Structure formats: C-alpha cells, structure tokens
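Have a look at the structure below, then the notes.
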Amino acid sequence: MMRTIEVLIVIIIITGAFIAASFFAVLPWPRQVSPVNLRRLSFTTLEMLDSNYDLSRAAFETENYTIWGGLQIALSASLPPNIIYNLTVYEVTGETTQLYTFIDSMSNAESLGVTSDASSYMVASSNVTFNVVPEKIGEHSGGGTLYILNCSDAPGWWITGYTAQGLANDLYNLLSPYFSNTIMVQNTAELGKILDGTSLHGETLQNAVVINTCGEAVPIPSNYADMYPQNTYAEYFYQLGKRVLQYNWTWTSIVGWPFYYVSNINKFSSYDNGWGIYGMRQTGNPGLNAFLQGLDNRSSYVPGSSSTSSPGVVYLSSQAIDSSNYYGIYPSPYQTSTRALPTSITTDYHLDVTTCVFNPVGSSIPAAVYRHKVTIGGTTQYQGGFYAIGLTRTPDIRLTALGLLADYRPRLYRSEYTANGTSRIVVLQLGLVGGV
Amino acid sequence: MVSSTIDHLVAVTVFLAATLLFIGLFNQTIQTAVIYQRHRATATKASDLLDNMLLSPGIPVNWGQTDVNLTGFGLQDPEFTQYRMSPYSLMRLQSSVGDPVYYNATGQWYSNVTIGDRNFMLVPDSLALDYSTATRLLGINNTYGFQLTLTPIVSVSIEATQLANSLRLDIEASGVGFPLSSATISYCFLKVGSQENNTYYDISFGTDVADDTGSASISIPNVVAGDSYAFIAYARQSGLVGVGYHERTKDENKYVIPFIDSFDEGRVLLVHSRDVHGDEPSEYTLFYNATFVLLTEDFTLREMPITTTGDRVVYGGSSENVTIPTYNPGILVVTYKTQGADQDGVVLMPWGVGSLAFSVTFGGDPAKQEWVATDMRQVVVGGIAYQAKIAVWSLEGYQVVG
C-alpha cells in the first residue's frame, strides 16, 4: 500500500510541475506570432503621403484647416479600417533643453487599441535651402589646381555648336568649387609657361588637373611649334606626356580621338586641319601614341600609331551612376562612342584604369581615367594620369566633370537639418483594434 | 507477501501510466512552442523578404525598362530611394491570376493582366519574370514560398448616365478605409470618331473637385448614345493619388489587342482580336489610331503623339507596331473602326503599372499552405498610391501533434 501512496505522491508532484510549467510557458496570442509590422506601415504611410511633399506642406501649415483636414482624409483613406492612428507634429528646436516642441496632432480614436507602434519622419520647410560645402581636391594631399585651357588663340575641333571658351566657362562653374585653385589658361603662351614649370598666379603646379576644351585639337605654344619640323608635331605630344608625368598632372580630353590635331591660330593661320578649319594642323593617329610614350617615360620618341574603335551605344558604369547621384550631375546614362581606346594601352604603357565612366565593351574602353604606374624604391605608385572620353561629338562637359569627381571623390559636407524653424518631425502612431 | 507484491504491481502500473501521460502532455507543450517559433521565423522572413523586394532595384537596376534577364530581384524605382516602385519592373512580373494568352504569329504565350473588356497588359513570357526564377534570385527556393500583391489604395469608380445630348459621369473616389473627400479630380475624355476607312479622336481635359463623400459628377456635352469613348480620371488628396477609367464601345466583337513586344524599344504590337481568341475568321479590317496620354508632375494629363507602322490590322495579317517614345508612365489609347460598318471602339493599355491602377499578383498560391505569414507596406508606383502585401509560407513542413 505504501508503494501506491508513494506513486500517488509522485503523480501529485509531477502534476504540480506540469501546472507550474504551463502557467509560466504561456503561448502568445496569435496576433503576436505574426504581427502586422506597424512601425514599417506607419513609416511607409508617411513616406507615401510625402511623395509629392504634401505632408511637408501640411506639417508647416497646421493652422490651415483645408490642408490639415486634407491630410487627415488622406491618412484615414490610406489605412485599413482596423488600424487607428495618432499623428503628431513637433517643431525641432535644438536651442533649449527641450529638443522637440509639440505643434499639433490628429487622431481617429481615443486610445490606440491592443497593440501599437510608431515611427517618425523628418520634414523640411519649403522655404529653407540647405548649404553644401564640397571638400577641395588636394586640400590634404597637396596640389588641387585645375587648369582649364581657355586659349583664345587656339581653335577647337569636334566641339561643334560650342566654343572652347564657352565650354571652359561651364567647366569652371561645375568644377571650381571642388578645387583649391582654378586657373583659366587664356592663351597658348600661358600654356607654354606652365609646361615650362612656371606657375601663372602662384598656384601649385604639381598634381594639377588640366582640361583641354579644344576637343580633338590641343593648343600648342608658338615656341613649341617652332621646335619641331613641319609635320612632326606628334613629338610635341611626346613632350606633353613627359610634362604630365613630371608634374603628376591628369590630362583630360573631353571628346573624340585625343591628340589628333595641334592648334595655334598665329602659327597655322594659312593651314587647315584637312576639314576646312584654319589655325590647326593634323597630327593624326601618331599623336596619342606619342603622348603615351612620353607619359610612360620612354627615353626617346619612336614614331608609331594609335587606334580607336567604335563600340556604339555605351552605358554609364555603376561607379559613374553612384557619383552622378552623389554630385547631382545627370548626363544621359547612355551615349554613343566612336573613339574608344583599346584595353591594350594599359599593358603597353603601364596604365591602370582607376575610374571607368562607361562600361567597357569587349576590348574597348569608351571613357576612363588612366593612371600611370611607376615603381620608386620598390613601391608602385601612380605618377601622371589621363582621362579620355572617346565619345562622338558634340561633347557633354558634364561627363568631364563626372569622371574627374568620380576619380577624386571629394566629399560633400551638407549643412545640418536641425536649423531652427526649418525642420519638423512627424510621428505617426498606429494601433490595431479587434481580433486577437 | 502477496499484498506487498500487489502493492508493487499497482504502484508500477500507475507510475508507468502517469509517466506516459505526462510525457505526452509535456511533449504537446514543447511541440506547440516549437511550431510557434517556426511561425515566428516565417513572419520575420515575410517582413524581411518584403523589404528586400521593395528596397532594391534589382540587377541591372533598370531591368524593367530593358529586355535583359535580371540577375538580382528587386522592384524599387532606381531613380528614387525608399518605397517607390518601378512601374516597369512590375510589368515584367508574370501574373499568377490572369489566364495566359497565346498569339500564333509570334508563337509566344503572354502573361495576362487584363481588367474589364478593353484594358490590356500582355507581356511575353520570354520577357516576364517567372516565380521560380524569382525565388532562386531571392535565395528562398525550396525553403519558402511567397505571393506578392500590389493593389491600389484609392479606387476611383466611374458610372455613366446617358442624357439627351450629353453624357454624365459619376465619379466616386475612396481609399481602403475612408472616402477621398474633397479630392481634386483631373480627367481626360477621348471621344472616338470615324469616317469611311479612318478613325480619329477628340480629346479634352479638365479638373473638378469631389464633395465630402468623395463623389463628383461631370457632364460631357455632345456625346450621344452609341458614341464610343474612353474616360480616365485621377483623384488626388494630400499625396494620395488614385486612378479610374471607363470606356464604351460600339463594336464589342472585333477590336484591337495591344501586345508588349519590347521594353527596350517601347514597342507594342497591335493585333486583330480574332487572331488571338476568335472562334471564327473575320473578313473585317480594323482601322486604328493610337495616342499616348501621360500624367504630368502637376497632375494634369497631357497627350503625346506616337509613331505607328500603319493604320489598319487585318485578320490573318501581320501585326502593326506602335513605338512609345518615353519612359514616363502613361496610357496607350487605341481607337479603332471596323471596315465598312458603323462600328468603332477604344482599347487602353497602361505603360507602367500605375497608369491605370492595375493590380499585380505575383508568386505561388497560399491557399493550401499550413500556415501563412503576411505583412504590408504602403508604396508609390509611378505616382499612384499602392499597398504592397506579401504572404510567405515555409516549404520545409511542420509536424503537428495533437
């Protein structure tokens, strides 16, 4: 009998354990198993209402009953009937210990039901303008000079519809905020000066960016034109490549086949480029080859030739699209390339492609920034660069700006959004009613 | 001795019975908890999947505007951030509700989202993304199933009443939980006209304001009974935008069907309806005229001329091409007239899902699943407010006890 009593006692103990376990192991309500994500729902509702800035307008015009009432109608219409809400607008003050000040609120219920969640959304007044301060290229690493060739005595080619001077002005407006110093090189004599190592206005010559706005033609200083016998102007480009390497410049060709002509209205007044444009001489395809030889620090110039290809329609690379959004420069995402450089130049002349502006097509690179590799003391580094945009005419100088910014990546410092009276925060709290 | 043995036997029997009973009870509690955890994991997955789809444009980012195969699934509009969906990517999702349509001349099946009798969206299967590819791209094949549904938040219903020499259109705009009181209504009325072997249209635009119940009444003069027309209305209130449409046709037996042929080039094929699902041949040629209507940023409608390869579609003949010259969402309106008969009509096709507030249902069928988790977001598709809902279920199976 004792054994049976003992077993009964054990049963009572286990029953107690089961009851205790069941008491603590309470399973949640079905609603808690798969809850409606009220936080995301409220955030997306706010975002949707602000898709055309109507919410921003309403948040700053709470005393306007038409607009405020319209917001309440839209809010009620957009949420399912079993969801109740409370929308509150706060002013962001930031000047006192109280960060947010209550402005107004609206609700369609006294309480927020059995479960609720909220999210907030910052809106800005339409009257406010936010300031953006760009980081200067070369601010920390030295250099930071931008030379824009605005040579009045050098005509351009493949810039049809524009003048070199007009393009130079546009480039100045686009790029000067990003550089420590922007110099407009006004004539070929000034170009000669900087090639010879003399700064024009006390700027730093080293590590500069030089943009040639003359298209396929390159301005040639008179003394350089005199240096070379007729029809061997390719050697000028060899010297130019040497200077680019020596000063660690980034030479930029804005359109077409780079270094195809030399241009100086005084020197070549009675010559045309073969297409009726006087003031320039055709160098032809050896020009690019000569420049690359100079950039590659070859000991002497050996006549050779270069080639380009025509891959047709090309598309902006993901890096370029990213920079496009970051800097707010929006050229067409697809363009026509008829002067793309071959990938073989990277191995022939020790170049690295640091920024591909358009996606390569086979062995053609439509537009890219190339950096020349040198080895000093066992360490490989870049010395001299070249940005070639092998698109068809006419040039889109936004691509010039985009490629350079994508390569240098200067940061943009935006002003704070908590400026007094310009920002409000909208909090939408949603609750569920009915059901379990 | 005997009583002691009986005592032991009774005690052991009772103890074993009680132990088995309690094992069963505890096991049930544990099983329920395990299932709860699995359901909870499915619910978390649903929220996660929905955000993955809605907050990524996919790879390539503009896949909705091209004919390429995608390598990453996402529906976000690449030109915007947050919950704005690409109206074109949504067009390339293979519908799981409409019956596919086969067109002999191209030898292709078309994913079918057709609303009413004359509002088509037919996308070739070769360009439409199917469910199994989507699950592979999302990395959930054989583990989870899903169904994604996008439905417009605002419904704009239109009813027509024929008066003596004019037409009265009663418009009612409402959201999911409330009428869209005092909504601004922008509309476009396109009346079909026809001559011998030619069709043309008169198009007019206007705006009105709904009353407190979200209703408005618009009178269109010089429309008599039997006139063919299309009416498109956008209703807007504080960032909430919806669209509705209504059309009337004289010839309901023969009409033009638009098939999307290329997203890259914006090319649409126009086909004689009898070539697609006619039971009998038709000797009647259909003369057509096409135009494109788009919603501008100030919420007014604007007409944009488009190029066509011809002016008629013939039964058994080759299809005609229409090229839509823009990637702004809008509506392709095709008016047609039957040769030698006083019968004409109009068909509509959205270019971008939101333009005609088409619903999108993509994915598997949740109806027969053991347990389904759902979640939803409010999104914008081409300026139109939509609700995106996802239903997710596990494909790994659960063992249910009890």
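In the structure tokens, each chain is lettered A, B, ... as it comes, each chain's residues begin at 1, and ligands are numbered from 1 in order of appearance.
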
Residues of chain B that approach chain A to 8 Å or less, counting only C-alpha atoms: could you list each one with the shortest pair of atoms and its distance in Å to one decimal, rows by chain and increasing residue number, as JSON lines?
```
{"residue": "B:Ser3", "atom": "CA", "partner": "A:Met1", "partner_atom": "CA", "distance": 7.9}
{"residue": "B:Ser4", "atom": "CA", "partner": "A:Met1", "partner_atom": "CA", "distance": 7.2}
{"residue": "B:Asp7", "atom": "CA", "partner": "A:Met1", "partner_atom": "CA", "distance": 5.2}
{"residue": "B:His8", "atom": "CA", "partner": "A:Arg3", "partner_atom": "CA", "distance": 6.1}
{"residue": "B:Val10", "atom": "CA", "partner": "A:Thr4", "partner_atom": "CA", "distance": 6.5}
{"residue": "B:Ala11", "atom": "CA", "partner": "A:Thr4", "partner_atom": "CA", "distance": 4.4}
{"residue": "B:Val12", "atom": "CA", "partner": "A:Val7", "partner_atom": "CA", "distance": 7.9}
{"residue": "B:Val14", "atom": "CA", "partner": "A:Val7", "partner_atom": "CA", "distance": 7.2}
{"residue": "B:Phe15", "atom": "CA", "partner": "A:Val7", "partner_atom": "CA", "distance": 5.9}
{"residue": "B:Ala18", "atom": "CA", "partner": "A:Ile11", "partner_atom": "CA", "distance": 6.6}
{"residue": "B:Phe22", "atom": "CA", "partner": "A:Ile14", "partner_atom": "CA", "distance": 7.7}
{"residue": "B:Phe26", "atom": "CA", "partner": "A:Phe18", "partner_atom": "CA", "distance": 7.4}
{"residue": "B:Thr29", "atom": "CA", "partner": "A:Ser22", "partner_atom": "CA", "distance": 7.9}
{"residue": "B:Ala33", "atom": "CA", "partner": "A:Leu27", "partner_atom": "CA", "distance": 7.1}
{"residue": "B:Tyr36", "atom": "CA", "partner": "A:Val33", "partner_atom": "CA", "distance": 6.8}
{"residue": "B:His39", "atom": "CA", "partner": "A:Val33", "partner_atom": "CA", "distance": 6.6}
{"residue": "B:Arg40", "atom": "CA", "partner": "A:Val33", "partner_atom": "CA", "distance": 5.2}
{"residue": "B:Ala43", "atom": "CA", "partner": "A:Ser34", "partner_atom": "CA", "distance": 5.2}
{"residue": "B:Thr44", "atom": "CA", "partner": "A:Ser34", "partner_atom": "CA", "distance": 7.9}
{"residue": "B:Ser47", "atom": "CA", "partner": "A:Asn37", "partner_atom": "CA", "distance": 7.6}
{"residue": "B:Tyr83", "atom": "CA", "partner": "A:Thr44", "partner_atom": "CA", "distance": 6.9}
{"residue": "B:Ile153", "atom": "CA", "partner": "A:Ser78", "partner_atom": "CA", "distance": 6.1}
{"residue": "B:Val154", "atom": "CA", "partner": "A:Ser78", "partner_atom": "CA", "distance": 7.6}
{"residue": "B:Ser174", "atom": "CA", "partner": "A:Ala77", "partner_atom": "CA", "distance": 6.7}
{"residue": "B:Gly175", "atom": "CA", "partner": "A:Ala77", "partner_atom": "CA", "distance": 4.1}
{"residue": "B:Val176", "atom": "CA", "partner": "A:Pro80", "partner_atom": "CA", "distance": 5.6}
{"residue": "B:Gly177", "atom": "CA", "partner": "A:Pro81", "partner_atom": "CA", "distance": 4.8}
{"residue": "B:Phe178", "atom": "CA", "partner": "A:Ala77", "partner_atom": "CA", "distance": 4.3}
{"residue": "B:Pro179", "atom": "CA", "partner": "A:Ala77", "partner_atom": "CA", "distance": 6.3}
{"residue": "B:Leu180", "atom": "CA", "partner": "A:Ala77", "partner_atom": "CA", "distance": 6.4}
{"residue": "B:Ser181", "atom": "CA", "partner": "A:Ile73", "partner_atom": "CA", "distance": 6.6}
{"residue": "B:Ser182", "atom": "CA", "partner": "A:Gly70", "partner_atom": "CA", "distance": 7.6}
{"residue": "B:Gln237", "atom": "CA", "partner": "A:Ala74", "partner_atom": "CA", "distance": 6.0}
{"residue": "B:Ser238", "atom": "CA", "partner": "A:Asp54", "partner_atom": "CA", "distance": 5.3}
{"residue": "B:Gly239", "atom": "CA", "partner": "A:Leu49", "partner_atom": "CA", "distance": 4.5}
{"residue": "B:Leu240", "atom": "CA", "partner": "A:Ala74", "partner_atom": "CA", "distance": 6.0}
{"residue": "B:Ala373", "atom": "CA", "partner": "A:Ser34", "partner_atom": "CA", "distance": 6.0}
{"residue": "B:Thr374", "atom": "CA", "partner": "A:Ser34", "partner_atom": "CA", "distance": 7.3}
{"residue": "B:Asp375", "atom": "CA", "partner": "A:Val36", "partner_atom": "CA", "distance": 5.7}
{"residue": "B:Met376", "atom": "CA", "partner": "A:Leu41", "partner_atom": "CA", "distance": 6.8}
{"residue": "B:Arg377", "atom": "CA", "partner": "A:Leu41", "partner_atom": "CA", "distance": 5.2}
{"residue": "B:Gln378", "atom": "CA", "partner": "A:Thr44", "partner_atom": "CA", "distance": 5.1}
{"residue": "B:Val379", "atom": "CA", "partner": "A:Met48", "partner_atom": "CA", "distance": 6.1}
{"residue": "B:Val380", "atom": "CA", "partner": "A:Met48", "partner_atom": "CA", "distance": 6.2}
{"residue": "B:Gly383", "atom": "CA", "partner": "A:Ser51", "partner_atom": "CA", "distance": 7.8}
{"residue": "B:Ala385", "atom": "CA", "partner": "A:Met48", "partner_atom": "CA", "distance": 7.0}
```

Generate a file of the selected residues that holds C-alpha atoms, formatted as a PDB file, in the first residue's frame.
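Everything below was put into part_5.pdb:
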```pdb
ATOM      1  CA  SER B   3      -0.265  -7.896  -0.615  1.00  0.00           C
ATOM      2  CA  SER B   4       3.232  -6.417  -0.944  1.00  0.00           C
ATOM      3  CA  ASP B   7       1.143  -3.122  -3.959  1.00  0.00           C
ATOM      4  CA  HIS B   8       4.288  -3.117  -6.133  1.00  0.00           C
ATOM      5  CA  VAL B  10      -0.278  -1.488  -8.765  1.00  0.00           C
ATOM      6  CA  ALA B  11       2.314   1.159  -7.968  1.00  0.00           C
ATOM      7  CA  VAL B  12       4.477   0.331 -11.007  1.00  0.00           C
ATOM      8  CA  VAL B  14       0.099   3.526 -12.056  1.00  0.00           C
ATOM      9  CA  PHE B  15       3.553   5.089 -12.206  1.00  0.00           C
ATOM     10  CA  ALA B  18       1.215   8.502 -15.203  1.00  0.00           C
ATOM     11  CA  PHE B  22       2.888  13.405 -18.569  1.00  0.00           C
ATOM     12  CA  PHE B  26       4.865  17.979 -21.911  1.00  0.00           C
ATOM     13  CA  THR B  29       3.516  21.906 -24.940  1.00  0.00           C
ATOM     14  CA  ALA B  33       6.269  26.111 -28.668  1.00  0.00           C
ATOM     15  CA  TYR B  36       5.249  28.907 -32.602  1.00  0.00           C
ATOM     16  CA  HIS B  39       5.791  30.505 -37.389  1.00  0.00           C
ATOM     17  CA  ARG B  40       7.532  33.430 -35.820  1.00  0.00           C
ATOM     18  CA  ALA B  43       6.728  36.008 -40.053  1.00  0.00           C
ATOM     19  CA  THR B  44      10.168  37.585 -39.686  1.00  0.00           C
ATOM     20  CA  SER B  47       8.896  41.195 -43.353  1.00  0.00           C
ATOM     21  CA  TYR B  83       9.442  52.674 -51.087  1.00  0.00           C
ATOM     22  CA  ILE B 153      -5.131  52.187 -52.241  1.00  0.00           C
ATOM     23  CA  VAL B 154      -7.552  54.544 -53.911  1.00  0.00           C
ATOM     24  CA  SER B 174     -12.396  56.219 -51.879  1.00  0.00           C
ATOM     25  CA  GLY B 175      -9.471  54.784 -50.014  1.00  0.00           C
ATOM     26  CA  VAL B 176      -9.307  51.464 -48.187  1.00  0.00           C
ATOM     27  CA  GLY B 177     -10.873  52.901 -45.091  1.00  0.00           C
ATOM     28  CA  PHE B 178     -12.467  56.236 -45.936  1.00  0.00           C
ATOM     29  CA  PRO B 179     -13.883  58.199 -48.885  1.00  0.00           C
ATOM     30  CA  LEU B 180     -11.470  60.600 -50.513  1.00  0.00           C
ATOM     31  CA  SER B 181     -13.371  63.751 -49.578  1.00  0.00           C
ATOM     32  CA  SER B 182     -12.617  66.973 -51.429  1.00  0.00           C
ATOM     33  CA  GLN B 237      -5.799  64.314 -51.922  1.00  0.00           C
ATOM     34  CA  SER B 238      -2.729  65.246 -49.835  1.00  0.00           C
ATOM     35  CA  GLY B 239      -0.264  62.929 -51.523  1.00  0.00           C
ATOM     36  CA  LEU B 240      -2.725  60.108 -52.046  1.00  0.00           C
ATOM     37  CA  ALA B 373       2.567  34.929 -42.563  1.00  0.00           C
ATOM     38  CA  THR B 374       1.632  38.258 -44.076  1.00  0.00           C
ATOM     39  CA  ASP B 375       2.982  41.791 -43.972  1.00  0.00           C
ATOM     40  CA  MET B 376       2.303  45.002 -45.829  1.00  0.00           C
ATOM     41  CA  ARG B 377       3.767  48.367 -46.785  1.00  0.00           C
ATOM     42  CA  GLN B 378       2.418  51.493 -48.438  1.00  0.00           C
ATOM     43  CA  VAL B 379       4.288  52.233 -51.637  1.00  0.00           C
ATOM     44  CA  VAL B 380       4.168  54.583 -54.603  1.00  0.00           C
ATOM     45  CA  GLY B 383       2.964  58.449 -58.549  1.00  0.00           C
ATOM     46  CA  ALA B 385      -0.509  55.023 -54.063  1.00  0.00           C
TER      47      ALA B 385
END
```

Q. Using only C-alpha atoms, which residues sit within 12 Å of B:Val209 once same-chain residues fewer than 3 positions away are excluded, as a list in words?
A.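 So, after excluding close chain neighbours, the residues are Ile171, Glu172, Ala173, Leu180, Ser181, Ser182, Ala183, Thr184, Ile185, Ser186, Tyr187, Gly206, Asp212, Thr213, Gly214, Ser215, Ala216, Ser217, Ile218, Ala233, Tyr234, Ala235, Arg236 and Gln237 of chain B.
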
Atoms kept (C-alpha atoms) for selection, written as an mmCIF file, in the first residue's frame:
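part.cif written:
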```cif
data_model
loop_
_atom_site.group_PDB
_atom_site.id
_atom_site.type_symbol
_atom_site.label_atom_id
_atom_site.label_comp_id
_atom_site.auth_asym_id
_atom_site.auth_seq_id
_atom_site.Cartn_x
_atom_site.Cartn_y
_atom_site.Cartn_z
ATOM 1 C CA ILE B 171 -17.101 59.524 -60.139
ATOM 2 C CA GLU B 172 -16.553 58.111 -56.672
ATOM 3 C CA ALA B 173 -13.114 58.093 -55.090
ATOM 4 C CA LEU B 180 -11.470 60.600 -50.513
ATOM 5 C CA SER B 181 -13.371 63.751 -49.578
ATOM 6 C CA SER B 182 -12.617 66.973 -51.429
ATOM 7 C CA ALA B 183 -10.226 65.182 -53.762
ATOM 8 C CA THR B 184 -9.033 67.035 -56.833
ATOM 9 C CA ILE B 185 -10.025 65.121 -59.943
ATOM 10 C CA SER B 186 -8.113 65.517 -63.219
ATOM 11 C CA TYR B 187 -9.657 63.811 -66.176
ATOM 12 C CA GLY B 206 -10.439 69.047 -67.263
ATOM 13 C CA ASP B 212 -17.432 65.359 -48.815
ATOM 14 C CA THR B 213 -18.350 61.834 -49.848
ATOM 15 C CA GLY B 214 -15.627 61.681 -52.477
ATOM 16 C CA SER B 215 -18.134 61.963 -55.323
ATOM 17 C CA ALA B 216 -18.168 64.223 -58.339
ATOM 18 C CA SER B 217 -20.354 64.464 -61.375
ATOM 19 C CA ILE B 218 -19.008 65.570 -64.728
ATOM 20 C CA ALA B 233 -9.739 60.207 -64.080
ATOM 21 C CA TYR B 234 -7.041 60.783 -61.475
ATOM 22 C CA ALA B 235 -8.150 61.612 -57.910
ATOM 23 C CA ARG B 236 -5.688 63.302 -55.561
ATOM 24 C CA GLN B 237 -5.799 64.314 -51.922
#
```

Q) Can you list, as a list in words, every protein, DNA or RNA residue that comes within 10 Å of B:Gln147 when you count only C-alpha atoms, leaving out same-chain residues fewer than 2 positions away? A)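 Listed by chain and then number, they are Ser96, Tyr131, Gly145, Thr149, Thr361, Phe362, Gly363, Gly364, Asp365, Pro366, Thr374, Lys389, Ile390, Ala391, Val392 and Trp393 of chain B.
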
Produce a file of the selected residues containing C-alpha atoms, as a compact mmCIF listing (two decimals), in the first residue's frame.
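Here's the written file again00.txt:
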```txt
# COMPACT_ATOMS: atom_id res chain seq x y z
CA SER B 96 -0.35 34.47 -61.28
CA TYR B 131 8.01 32.75 -59.89
CA GLY B 145 7.11 30.29 -50.95
CA THR B 149 0.22 41.52 -54.26
CA THR B 361 -0.29 39.41 -58.18
CA PHE B 362 2.95 37.51 -58.43
CA GLY B 363 4.06 34.24 -56.88
CA GLY B 364 2.62 30.98 -55.62
CA ASP B 365 -0.76 30.09 -54.21
CA PRO B 366 -1.04 30.48 -50.43
CA THR B 374 1.63 38.26 -44.08
CA LYS B 389 1.21 42.79 -49.33
CA ILE B 390 3.24 39.66 -49.06
CA ALA B 391 2.17 36.20 -47.98
CA VAL B 392 5.01 33.84 -47.04
CA TRP B 393 4.91 30.17 -46.08
```

Per-residue nearest contacts stretch 213-234 of chain B to stretch 108-125 of chain B, cut-off 12 Å, using only C-alpha atoms, as a tab-separated table:
```
residue	atom	partner	partner_atom	distance
B:Tyr229	CA	B:Arg118	CA	11.6
B:Ala230	CA	B:Arg118	CA	10.1
B:Ile232	CA	B:Asn119	CA	11.8
```

Notebook entry, point to check: Quick one: of B:Leu150, B:Val372, B:Val271, B:Leu55, who's nearest to B:Leu395, counting only C-alpha atoms?
Noted result: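 Using only C-alpha atoms, B:Leu395 sits closest to B:Val372.
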
If you count only C-alpha atoms, the residue of B:Leu127, B:Ser132, B:Val381, B:Tyr336 closest to B:Leu70 turns out to be B:Leu127

List the neighbours of A:Thr392 out to 9 Å using only C-alpha atoms; skip same-chain residues closer than 3 positions along the sequence, and give me the result as a list in words.
->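 After dropping sequence-adjacent residues, the list is Trp158, Val255, Gly256, Gln335, Thr336, Ser337, Thr338, Arg339, Ile389 and Pro395 of chain A.
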
Go ahead and write the residues just picked, C-alpha atoms, as an mmCIF file, in the first residue's frame.
```cif
data_model
loop_
_atom_site.group_PDB
_atom_site.id
_atom_site.type_symbol
_atom_site.label_atom_id
_atom_site.label_comp_id
_atom_site.auth_asym_id
_atom_site.auth_seq_id
_atom_site.Cartn_x
_atom_site.Cartn_y
_atom_site.Cartn_z
ATOM 1 C CA TRP A 158 34.710 68.219 -82.629
ATOM 2 C CA VAL A 255 35.775 64.256 -76.741
ATOM 3 C CA GLY A 256 36.886 62.148 -79.686
ATOM 4 C CA GLN A 335 25.911 57.704 -75.154
ATOM 5 C CA THR A 336 27.496 56.840 -78.487
ATOM 6 C CA SER A 337 31.182 56.023 -78.504
ATOM 7 C CA THR A 338 33.127 56.132 -81.771
ATOM 8 C CA ARG A 339 36.640 56.779 -80.430
ATOM 9 C CA ILE A 389 36.322 60.440 -73.287
ATOM 10 C CA PRO A 395 30.938 66.905 -76.106
#
```

Practice item. Please give the complete set of residues from stretch 107-305 of chain B that DSSP, run on the backbone, assigns to strand (DSSP E or B), formatted as an MDAnalysis selection string. Key: chainID B and resid 108:112 115 119 122:124 129 144:152 155:162 166:174 179 184:195 198:209 215:221 229:237 240:248 256:262 267:272 286:295 301:304

Atom pair atom CA of A:Gln206 + atom CA of A:Ile376, distance 17.6 Å

Report task. Name the closest residue to A:Tyr326 among the candidates A:Leu245, A:Gly276, A:Leu402, A:Val361; distances are taken between atoms, counting only C-alpha atoms. Result ->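 That would be A:Leu402, the residue with the smallest distance to A:Tyr326.
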
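Going from atom CA of A:Gln165 to atom CA of A:Met184 covers 9.7 Å.
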
- Task: Would you list the contacts of A:Thr115 as a VMD selection string, taking every protein, DNA or RNA residue within 9 Å and counting only C-alpha atoms, but skipping same-chain residues closer than 4 positions in sequence?
- Result: chain A and resid 430 to 433

With N, CA and C atoms retained, export the selected residues as a PDB file, in the first residue's frame.
```pdb
ATOM      1  N   LEU A 430       0.434  54.013 -34.880  1.00  0.00           N
ATOM      2  CA  LEU A 430      -0.675  53.193 -35.367  1.00  0.00           C
ATOM      3  C   LEU A 430      -1.048  52.146 -34.332  1.00  0.00           C
ATOM      4  N   GLY A 431      -2.311  51.866 -34.228  1.00  0.00           N
ATOM      5  CA  GLY A 431      -2.784  50.833 -33.303  1.00  0.00           C
ATOM      6  C   GLY A 431      -3.739  49.896 -33.995  1.00  0.00           C
ATOM      7  N   LEU A 432      -3.835  48.679 -33.462  1.00  0.00           N
ATOM      8  CA  LEU A 432      -4.740  47.683 -34.032  1.00  0.00           C
ATOM      9  C   LEU A 432      -5.966  47.541 -33.149  1.00  0.00           C
ATOM     10  N   VAL A 433      -7.118  47.428 -33.771  1.00  0.00           N
ATOM     11  CA  VAL A 433      -8.327  47.172 -32.993  1.00  0.00           C
ATOM     12  C   VAL A 433      -8.948  45.857 -33.465  1.00  0.00           C
TER      13      VAL A 433
END
```

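The list of residues with at least one atom within 9 Å of A:Leu191, based on only C-alpha atoms and without residues fewer than 2 positions apart in the same chain, reads Leu149, Cys151, Val185, Gln186, Asn187, Thr188, Ala189, Lys193, Ile194, Leu195, Asp196, Pro219, Ile220 and Pro221 of chain A.
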
Just-selected residues, C-alpha atoms written as a PDB file, in the first residue's frame:
```pdb
ATOM      1  CA  LEU A 149      42.571  75.571 -71.361  1.00  0.00           C
ATOM      2  CA  CYS A 151      43.122  79.612 -75.170  1.00  0.00           C
ATOM      3  CA  VAL A 185      44.748  79.381 -69.234  1.00  0.00           C
ATOM      4  CA  GLN A 186      43.911  82.252 -71.546  1.00  0.00           C
ATOM      5  CA  ASN A 187      46.290  81.657 -74.438  1.00  0.00           C
ATOM      6  CA  THR A 188      48.935  79.307 -75.750  1.00  0.00           C
ATOM      7  CA  ALA A 189      51.709  81.475 -74.263  1.00  0.00           C
ATOM      8  CA  LYS A 193      54.596  78.819 -69.241  1.00  0.00           C
ATOM      9  CA  ILE A 194      53.040  76.067 -67.208  1.00  0.00           C
ATOM     10  CA  LEU A 195      54.602  73.444 -69.466  1.00  0.00           C
ATOM     11  CA  ASP A 196      57.945  75.000 -68.641  1.00  0.00           C
ATOM     12  CA  PRO A 219      46.726  74.094 -78.216  1.00  0.00           C
ATOM     13  CA  ILE A 220      50.451  74.324 -78.972  1.00  0.00           C
ATOM     14  CA  PRO A 221      52.543  77.277 -77.731  1.00  0.00           C
TER      15      PRO A 221
END
```

Exercise. Do you know which residues are at most 6 Å from stretch 249-258 of chain B counting only C-alpha atoms, after dropping those on the same chain fewer than 2 positions away, and could you put them as number ranges by chain?
Worked result: B: 228, 269-273, 343-345
